[in-house]
Structure formats: structure tokens, C-alpha cells
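Chemist: Before anything else, here's the structure in question.
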Amino acid sequence: MSRDRDHALPESPSRRLLLKGAAAAGALAAVPALPGVAQAATPTRPPKPAPFVNPLVRNRADPHINRHKDGYYYFTATAPEYDRIILRRSRTLNGLGTADESVIWRAHPTGNMGAHIWAPELHRIGGKWYIYFASAPAEDVWAIRIWVLENAHPNPFKGTWVEKGQVKTAWETFSLDATTFTHRGKRYLAWAQHEPGMDNNTGIFLSEMANPWTLKGPQVRLSTPEYDWERIGFKVNEGPYVIKRNGRIFMTYSASATDFNYCMGLLTADADSHLLDAMSWTKSPTPVFTSNDTTKQYGPGHNCFTVAEDGRTDVLVYHARQYKEINGDPLNDPNRHTRIQKLGWKPDGTPDFGIPVADTVKAGD
């Protein structure tokens, strides 16, 4: 989900017209009161967002938050058991932390979509809900591919989630972390995949879409792990996500192993450029968001973006752990928690990620 300004909830048209008409008449006070009708006062700014609570949602990695026009924030993420897709919603960001959680789909006991249910994202496309996620056959748990669910009901907690199948890419290789966005009337899919013949685990790819579950045209590699900070433990670029601002398209991604070395990189393209030309994209030579010993947040990554309740404040959503050392495989450690913080902007119009903020809630709270 790329998050444009049109995701902000619009002011009621009737209220806008009332205020406009009243101003033209000279003063709102001149509008006679009508029995049983609330009178508009003076225009007010949306309330300032409440201080964010962190961790927002415990034991939920690869978070995705979609602020829909119905006024709800919808949340999904990877459950540490890797066996289901969950969904929450709340009128506020902080409310997601205590919102009821529903299981809207479970892994198959055998065959495709039977293991490693990873990184779901919830998108509203053409009047339907879609979930993109990664999974593998129950009998071949590392043969991970991208799959799609569809729900025609206006409420994603209701209706039926239909399995639309696998997103077919150019190769039948390890692929995951799909996200979708639109630009200039075209819909794109960005994802991570292992390209045959490449000395890496995964790179970042982009393709135009024919429909929400089918690619069309070429798939273009935008990034491959080339810097040292992208190749610690594993040679990984994964988890792409897009935000459009200031005449540019920014695509974040995550790099290296999923321990404290996990970090975020950034690709940038001009909004007027041809997005399927890899030369349109420039890559930051240094990570833009990393572990921090002062705030004690480790392995920040697999992010998305949303907007605060005021409709203006950009918000960075990501996961991180509260400790550096892990016993055993990091994928078996369940304590990657969802976190949120304000996303800043530098004078040159590029995002200012800052550092992962310290906890506001203690583990025992």
C-alpha cells in the first residue's frame, strides 16, 4: 500500500458547504438556529495524534496497517507460529494494541499454503479486499511463493476469503513479501525473490499488474544485496514498501539476517520517471534505519507506512526486538513486536527515519 494524501478521511461535504455558505454571509452567528439541528461553530483543526504506545502489538512481525476510508485502521502481521492470517481493526492507531484479533484464514494441513505463512498485507482494490502473503507446501516448507486471497464483502471480517492462487513470476524460485501500489493509473507489484544465477538469497523486483493476482509485462530487478550491510548472515533484500511524497517515489526494503543485523535500505525514483526502468531508481549506499543500543531496539525492519488520525502525520510501522542476543534460529524467536513512530521529512524532501524509539510500555504492563 503506497499511502497518498487521499487516504486521509475527507471532511463531511455538508459541513464544508455550511461553513463556506456561512462565511459568505458574513458570520456563522447570522445563521438562524433550527430546532434539533446542531449548529457549526468555527472550523477546527483535527486533534493532535495521541502519543504512540510501543510496542504496539506484541509478537507480531512484518506488520501491515491499512487506514481505510471507513475510518478504521486495519492491522495484519506474521504470527510466530506461521500457521494463520490474523486481522484487527481500530479507530485509532493505539487502539490496535488492544483490539480483538480474528483469524480470517488458516494454513492447509497438506499441500500448497501449508507452511510458513508469512508477511500478509491487506489491500482494497476495485471494491474488494485482497491479502498478499507468502507460504510453502506443507511437505516442502522452504518452497515459499506468493499467494493471494480475495474477499468481496465490504467488511473484511465477514464474507468469504477466496484463494485466488499463486502470483506467477518469471521463475519458480523462493519468493515472498509482495506489496502493491498504484502510480499514474497503473498498478504495480513489488516483491522479493531469488533470481537464478545470482549470488544472493533475494533481490527486489517490480512488475505491472494485469489484475490483483496476475503480473503482466516484464519484471525488473530494482535491487540486489551488494553492500556489506545487506549481506550479514544472509544476502537479503526483502519486504519492499512504497510511500510517495515531494515528487518522488520512495521504496524501503529490509536487508541481512533477521537478528540484530536486520536493517532498512531505501530506493528512490522521480515520480515522472519510467518505474520499470531500473536506471530510474537510485539506492542509498548506507542503511536508513538500524538497531540502536541507546533505545534498546534491535533488528528494525519489514516496515510499512500509514498516517495518524490527523490525516497529515506520516507514520512508520515496523517490527523490532527488545534484546540483541538470540538463542538459536532467529526465526524461532517469537519476540518481534510491532512498533510505530512518526516519520519525519528532511529539508531536501527525503524521509527522515530517525532511530527506533524506546519502549513506552514495559514488558509486564
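Ligands are numbered from 1 in the order shown, chains are lettered A, B, ... in the order of the C-alpha cells, and residues start at 1 in each chain.
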If you count only C-alpha atoms, which residues fall within 7 Å of region 247-260 of chain A, apart from same-chain ones fewer than 4 positions away, as a PyMOL selection string?
Modeler: chain A and resi 229-243+264-271+291+298-299+301-302+324+330
Chemist: List the neighbours of Thr214 (chain A) out to 10 Å using only C-alpha atoms; skip same-chain residues closer than 5 positions along the sequence, and give me the result as a PyMOL selection string.
Modeler: chain A and resi 148+164-169+189+207-209
Chemist: I'd like to know which of A:Val220, A:Val141, A:Ile355, A:Ala308 is closest to Trp118 (chain A), using only C-alpha atoms.
Modeler: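 Smallest separation from Trp118 (chain A) among the options: A:Val141.
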Chemist: Just checking: using only C-alpha atoms, which residue out of A:Pro225, A:Gly185, A:Pro63, A:Gly217 ends up closest to Ala77 (chain A)?
Modeler: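 When distances to Ala77 (chain A) are compared using only C-alpha atoms, the smallest one comes from A:Pro63.
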Chemist: Name the closest residue to Asn335 (chain A) among the candidates A:Thr78, A:Thr180, A:Ser175, A:Thr202; distances are taken between atoms, counting only C-alpha atoms.
Modeler: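 Counting only C-alpha atoms, the residue closest to Asn335 (chain A) is A:Thr78.
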Chemist: Could you pull out the residues in region 119-362 of chain A that DSSP calls strand (DSSP E or B) from the backbone, as a ChimeraX atom specification?
Modeler: /A:119-125,128-136,145-151,162-166,175-183,186-193,202-211,214-223,236-245,248-255,263-270,281-283,289,292,297-307,314-321,337-342,344-345,351-352
Chemist: Which parts of region 47-255 of chain A does DSSP call helix (DSSP H, G or I) when run on the backbone here, written out as a PyMOL selection string?
Modeler: chain A and resi 94-97+228-230
Chemist: Would you mind listing what lies within 12 Å of His64 (chain A) as an mmCIF file with N, CA, C and O atoms, in the first residue's frame, with only C-alpha atoms counted and same-chain residues fewer than 2 positions away left out?
Modeler:
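Generated output (out_16.cif):
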```cif
data_model
loop_
_atom_site.group_PDB
_atom_site.id
_atom_site.type_symbol
_atom_site.label_atom_id
_atom_site.label_comp_id
_atom_site.auth_asym_id
_atom_site.auth_seq_id
_atom_site.Cartn_x
_atom_site.Cartn_y
_atom_site.Cartn_z
ATOM 1 N N MET A 1 0.846 -1.190 0.000
ATOM 2 C CA MET A 1 0.000 0.000 0.000
ATOM 3 C C MET A 1 0.878 1.235 0.000
ATOM 4 O O MET A 1 1.569 1.516 0.948
ATOM 5 N N SER A 2 0.929 1.934 -1.080
ATOM 6 C CA SER A 2 1.529 3.255 -1.029
ATOM 7 C C SER A 2 0.480 4.187 -0.451
ATOM 8 O O SER A 2 -0.699 4.049 -0.724
ATOM 9 N N VAL A 57 1.828 -3.847 19.118
ATOM 10 C CA VAL A 57 1.269 -5.200 19.158
ATOM 11 C C VAL A 57 2.422 -6.176 19.370
ATOM 12 O O VAL A 57 3.346 -6.229 18.564
ATOM 13 N N ARG A 60 4.026 -9.865 16.948
ATOM 14 C CA ARG A 60 3.509 -9.766 15.595
ATOM 15 C C ARG A 60 4.569 -9.079 14.730
ATOM 16 O O ARG A 60 4.862 -7.902 14.925
ATOM 17 N N ALA A 61 5.134 -9.838 13.806
ATOM 18 C CA ALA A 61 6.199 -9.342 12.937
ATOM 19 C C ALA A 61 5.637 -8.973 11.567
ATOM 20 O O ALA A 61 4.486 -9.259 11.244
ATOM 21 N N ASP A 62 6.478 -8.333 10.748
ATOM 22 C CA ASP A 62 6.102 -7.971 9.374
ATOM 23 C C ASP A 62 4.762 -7.250 9.338
ATOM 24 O O ASP A 62 3.858 -7.619 8.579
ATOM 25 N N ASN A 66 -3.438 -0.660 7.296
ATOM 26 C CA ASN A 66 -4.145 -0.001 6.193
ATOM 27 C C ASN A 66 -5.207 0.912 6.801
ATOM 28 O O ASN A 66 -6.138 0.435 7.449
ATOM 29 N N ARG A 67 -5.070 2.217 6.599
ATOM 30 C CA ARG A 67 -6.110 3.143 7.054
ATOM 31 C C ARG A 67 -7.124 3.300 5.932
ATOM 32 O O ARG A 67 -6.852 3.925 4.897
ATOM 33 N N TYR A 73 -8.442 1.686 11.111
ATOM 34 C CA TYR A 73 -7.123 1.145 10.820
ATOM 35 C C TYR A 73 -7.236 -0.381 10.846
ATOM 36 O O TYR A 73 -7.693 -0.959 11.838
ATOM 37 N N TYR A 74 -6.809 -1.034 9.770
ATOM 38 C CA TYR A 74 -6.803 -2.491 9.698
ATOM 39 C C TYR A 74 -5.373 -2.986 9.834
ATOM 40 O O TYR A 74 -4.462 -2.480 9.166
ATOM 41 N N PHE A 75 -5.195 -3.981 10.684
ATOM 42 C CA PHE A 75 -3.864 -4.484 11.013
ATOM 43 C C PHE A 75 -3.771 -5.977 10.721
ATOM 44 O O PHE A 75 -4.663 -6.757 11.085
ATOM 45 N N THR A 76 -2.698 -6.384 10.067
ATOM 46 C CA THR A 76 -2.367 -7.796 9.944
ATOM 47 C C THR A 76 -0.853 -7.928 10.067
ATOM 48 O O THR A 76 -0.121 -6.934 9.943
ATOM 49 N N ALA A 77 -0.367 -9.137 10.317
ATOM 50 C CA ALA A 77 1.065 -9.343 10.546
ATOM 51 C C ALA A 77 1.342 -10.842 10.585
ATOM 52 O O ALA A 77 0.425 -11.671 10.572
ATOM 53 N N THR A 78 2.620 -11.182 10.662
ATOM 54 C CA THR A 78 3.022 -12.573 10.796
ATOM 55 C C THR A 78 2.863 -13.026 12.243
ATOM 56 O O THR A 78 3.412 -12.402 13.159
ATOM 57 N N ILE A 85 -3.548 -16.341 9.269
ATOM 58 C CA ILE A 85 -3.576 -14.909 8.977
ATOM 59 C C ILE A 85 -4.583 -14.262 9.912
ATOM 60 O O ILE A 85 -5.728 -14.715 10.019
ATOM 61 N N ILE A 86 -4.124 -13.228 10.591
ATOM 62 C CA ILE A 86 -4.952 -12.559 11.602
ATOM 63 C C ILE A 86 -5.306 -11.161 11.142
ATOM 64 O O ILE A 86 -4.657 -10.580 10.272
ATOM 65 N N LEU A 87 -6.352 -10.614 11.750
ATOM 66 C CA LEU A 87 -6.803 -9.274 11.404
ATOM 67 C C LEU A 87 -7.341 -8.587 12.652
ATOM 68 O O LEU A 87 -8.036 -9.204 13.455
ATOM 69 N N ARG A 88 -6.988 -7.307 12.793
ATOM 70 C CA ARG A 88 -7.542 -6.442 13.833
ATOM 71 C C ARG A 88 -7.980 -5.137 13.180
ATOM 72 O O ARG A 88 -7.522 -4.790 12.096
ATOM 73 N N ARG A 89 -8.833 -4.400 13.893
ATOM 74 C CA ARG A 89 -9.132 -3.055 13.435
ATOM 75 C C ARG A 89 -9.452 -2.163 14.626
ATOM 76 O O ARG A 89 -9.881 -2.617 15.684
ATOM 77 N N LEU A 93 -4.758 4.344 16.051
ATOM 78 C CA LEU A 93 -3.562 3.500 15.955
ATOM 79 C C LEU A 93 -3.283 2.792 17.268
ATOM 80 O O LEU A 93 -3.065 1.574 17.301
ATOM 81 N N LEU A 96 -5.160 -0.417 18.179
ATOM 82 C CA LEU A 96 -4.839 -1.714 17.585
ATOM 83 C C LEU A 96 -4.174 -2.641 18.596
ATOM 84 O O LEU A 96 -4.288 -3.867 18.493
ATOM 85 N N TRP A 118 3.686 -16.195 5.968
ATOM 86 C CA TRP A 118 4.491 -15.018 6.297
ATOM 87 C C TRP A 118 3.933 -13.739 5.677
ATOM 88 O O TRP A 118 3.369 -13.744 4.580
ATOM 89 N N ALA A 119 4.153 -12.644 6.382
ATOM 90 C CA ALA A 119 4.065 -11.274 5.867
ATOM 91 C C ALA A 119 2.795 -10.963 5.080
ATOM 92 O O ALA A 119 2.860 -10.525 3.933
ATOM 93 N N PRO A 120 1.614 -11.160 5.660
ATOM 94 C CA PRO A 120 0.396 -10.769 4.944
ATOM 95 C C PRO A 120 0.274 -9.252 4.839
ATOM 96 O O PRO A 120 0.704 -8.515 5.723
ATOM 97 N N GLU A 121 -0.303 -8.804 3.730
ATOM 98 C CA GLU A 121 -0.673 -7.403 3.557
ATOM 99 C C GLU A 121 -2.114 -7.335 3.082
ATOM 100 O O GLU A 121 -2.528 -8.111 2.212
ATOM 101 N N LEU A 122 -2.870 -6.382 3.627
ATOM 102 C CA LEU A 122 -4.286 -6.207 3.292
ATOM 103 C C LEU A 122 -4.456 -4.950 2.445
ATOM 104 O O LEU A 122 -4.084 -3.854 2.866
ATOM 105 N N HIS A 123 -5.041 -5.123 1.249
ATOM 106 C CA HIS A 123 -5.234 -4.005 0.328
ATOM 107 C C HIS A 123 -6.663 -3.997 -0.189
ATOM 108 O O HIS A 123 -7.269 -5.056 -0.383
ATOM 109 N N ILE A 131 -5.566 -10.001 0.201
ATOM 110 C CA ILE A 131 -4.434 -10.258 1.089
ATOM 111 C C ILE A 131 -3.346 -10.958 0.277
ATOM 112 O O ILE A 131 -3.593 -11.982 -0.360
ATOM 113 N N TYR A 132 -2.149 -10.369 0.309
ATOM 114 C CA TYR A 132 -0.965 -10.974 -0.291
ATOM 115 C C TYR A 132 -0.139 -11.575 0.837
ATOM 116 O O TYR A 132 0.079 -10.922 1.867
ATOM 117 N N PHE A 133 0.318 -12.793 0.653
ATOM 118 C CA PHE A 133 1.113 -13.420 1.704
ATOM 119 C C PHE A 133 2.041 -14.452 1.086
ATOM 120 O O PHE A 133 1.879 -14.849 -0.078
ATOM 121 N N ASP A 177 6.978 -11.560 0.343
ATOM 122 C CA ASP A 177 6.906 -10.134 0.715
ATOM 123 C C ASP A 177 6.355 -9.252 -0.407
ATOM 124 O O ASP A 177 6.914 -8.197 -0.714
ATOM 125 N N ALA A 178 5.219 -9.646 -0.957
ATOM 126 C CA ALA A 178 4.612 -8.835 -2.014
ATOM 127 C C ALA A 178 3.884 -7.633 -1.435
ATOM 128 O O ALA A 178 3.232 -7.725 -0.394
ATOM 129 N N THR A 179 3.995 -6.509 -2.116
ATOM 130 C CA THR A 179 3.211 -5.315 -1.810
ATOM 131 C C THR A 179 2.747 -4.719 -3.126
ATOM 132 O O THR A 179 3.350 -4.946 -4.180
ATOM 133 N N GLY A 239 10.923 -7.386 1.774
ATOM 134 C CA GLY A 239 9.969 -6.502 2.434
ATOM 135 C C GLY A 239 9.854 -5.122 1.831
ATOM 136 O O GLY A 239 9.832 -4.116 2.565
ATOM 137 N N PRO A 240 9.717 -4.962 0.496
ATOM 138 C CA PRO A 240 9.604 -3.615 -0.070
ATOM 139 C C PRO A 240 8.287 -2.949 0.316
ATOM 140 O O PRO A 240 7.277 -3.611 0.542
ATOM 141 N N TYR A 241 8.315 -1.615 0.377
ATOM 142 C CA TYR A 241 7.097 -0.844 0.637
ATOM 143 C C TYR A 241 7.288 0.569 0.107
ATOM 144 O O TYR A 241 8.396 1.103 0.140
ATOM 145 N N GLY A 301 12.771 -3.501 11.042
ATOM 146 C CA GLY A 301 12.599 -3.701 9.614
ATOM 147 C C GLY A 301 11.224 -4.191 9.247
ATOM 148 O O GLY A 301 10.295 -4.150 10.041
ATOM 149 N N HIS A 302 11.129 -4.683 8.030
ATOM 150 C CA HIS A 302 9.888 -5.084 7.367
ATOM 151 C C HIS A 302 8.779 -4.087 7.692
ATOM 152 O O HIS A 302 7.789 -4.392 8.345
ATOM 153 N N ASN A 303 8.960 -2.903 7.154
ATOM 154 C CA ASN A 303 8.097 -1.774 7.518
ATOM 155 C C ASN A 303 6.964 -1.570 6.528
ATOM 156 O O ASN A 303 6.940 -2.116 5.424
ATOM 157 N N CYS A 304 6.017 -0.743 6.938
ATOM 158 C CA CYS A 304 5.048 -0.130 6.026
ATOM 159 C C CYS A 304 4.854 1.295 6.515
ATOM 160 O O CYS A 304 5.473 1.736 7.483
ATOM 161 N N PHE A 305 3.975 2.029 5.846
ATOM 162 C CA PHE A 305 3.660 3.399 6.236
ATOM 163 C C PHE A 305 2.152 3.549 6.368
ATOM 164 O O PHE A 305 1.383 2.919 5.650
ATOM 165 N N THR A 306 1.742 4.414 7.282
ATOM 166 C CA THR A 306 0.345 4.822 7.366
ATOM 167 C C THR A 306 0.329 6.292 7.756
ATOM 168 O O THR A 306 1.344 6.983 7.679
ATOM 169 N N VAL A 315 3.414 8.041 9.421
ATOM 170 C CA VAL A 315 3.772 7.110 10.484
ATOM 171 C C VAL A 315 4.537 5.933 9.892
ATOM 172 O O VAL A 315 4.115 5.332 8.899
ATOM 173 N N LEU A 316 5.656 5.622 10.514
ATOM 174 C CA LEU A 316 6.469 4.455 10.166
ATOM 175 C C LEU A 316 6.046 3.288 11.043
ATOM 176 O O LEU A 316 5.980 3.408 12.263
ATOM 177 N N VAL A 317 5.737 2.170 10.413
ATOM 178 C CA VAL A 317 5.324 0.943 11.098
ATOM 179 C C VAL A 317 6.390 -0.119 10.816
ATOM 180 O O VAL A 317 6.786 -0.303 9.662
ATOM 181 N N TYR A 318 6.841 -0.818 11.851
ATOM 182 C CA TYR A 318 7.912 -1.807 11.662
ATOM 183 C C TYR A 318 7.904 -2.785 12.823
ATOM 184 O O TYR A 318 7.125 -2.642 13.768
ATOM 185 N N HIS A 319 8.764 -3.789 12.755
ATOM 186 C CA HIS A 319 8.934 -4.668 13.903
ATOM 187 C C HIS A 319 10.376 -4.580 14.401
ATOM 188 O O HIS A 319 11.290 -4.202 13.663
ATOM 189 N N THR A 338 5.414 -5.372 16.875
ATOM 190 C CA THR A 338 5.043 -4.262 16.004
ATOM 191 C C THR A 338 5.226 -2.941 16.734
ATOM 192 O O THR A 338 4.804 -2.786 17.880
ATOM 193 N N ARG A 339 5.819 -1.970 16.031
ATOM 194 C CA ARG A 339 6.107 -0.671 16.610
ATOM 195 C C ARG A 339 5.721 0.426 15.613
ATOM 196 O O ARG A 339 5.688 0.198 14.397
ATOM 197 N N ILE A 340 5.413 1.610 16.137
ATOM 198 C CA ILE A 340 5.086 2.752 15.276
ATOM 199 C C ILE A 340 5.781 4.008 15.802
ATOM 200 O O ILE A 340 6.014 4.149 16.995
#
```
Chemist: Show which residues sit within 12 Å of Val162 (chain A), as number ranges by chain. Count only C-alpha atoms, and ignore same-chain residues fewer than 6 positions away.
Modeler: A: 104-105, 128-131, 147-153, 156, 213
Chemist: Which residue, A:Arg187, A:Ser135, A:Trp142, A:Ala99, has the smallest gap to Ala210 (chain A) when you use only C-alpha atoms?
Modeler: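 Among A:Arg187, A:Ser135, A:Trp142, A:Ala99, it is A:Arg187 that comes nearest to Ala210 (chain A).
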Chemist: Using only C-alpha atoms, which protein or nucleic acid residues come within 9 Å of Glu81 (chain A)? Drop anything in the same chain fewer than 2 positions from it, and give the result as a PyMOL selection string.
Modeler: chain A and resi 78-79+83-84+116-117+332+334
Chemist: Would you please work out which residue, of A:Asn211, A:Thr182, A:Asn112, A:Gln341, is nearest to Arg145 (chain A) when using only C-alpha atoms?
Modeler: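 For Arg145 (chain A), the nearest of the candidates is A:Asn112.
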Chemist: Rounded to one decimal in Å, what is the spacing between CA of Pro300 (chain A) and CA of Ser102 (chain A)?
Modeler: 25.8 Å
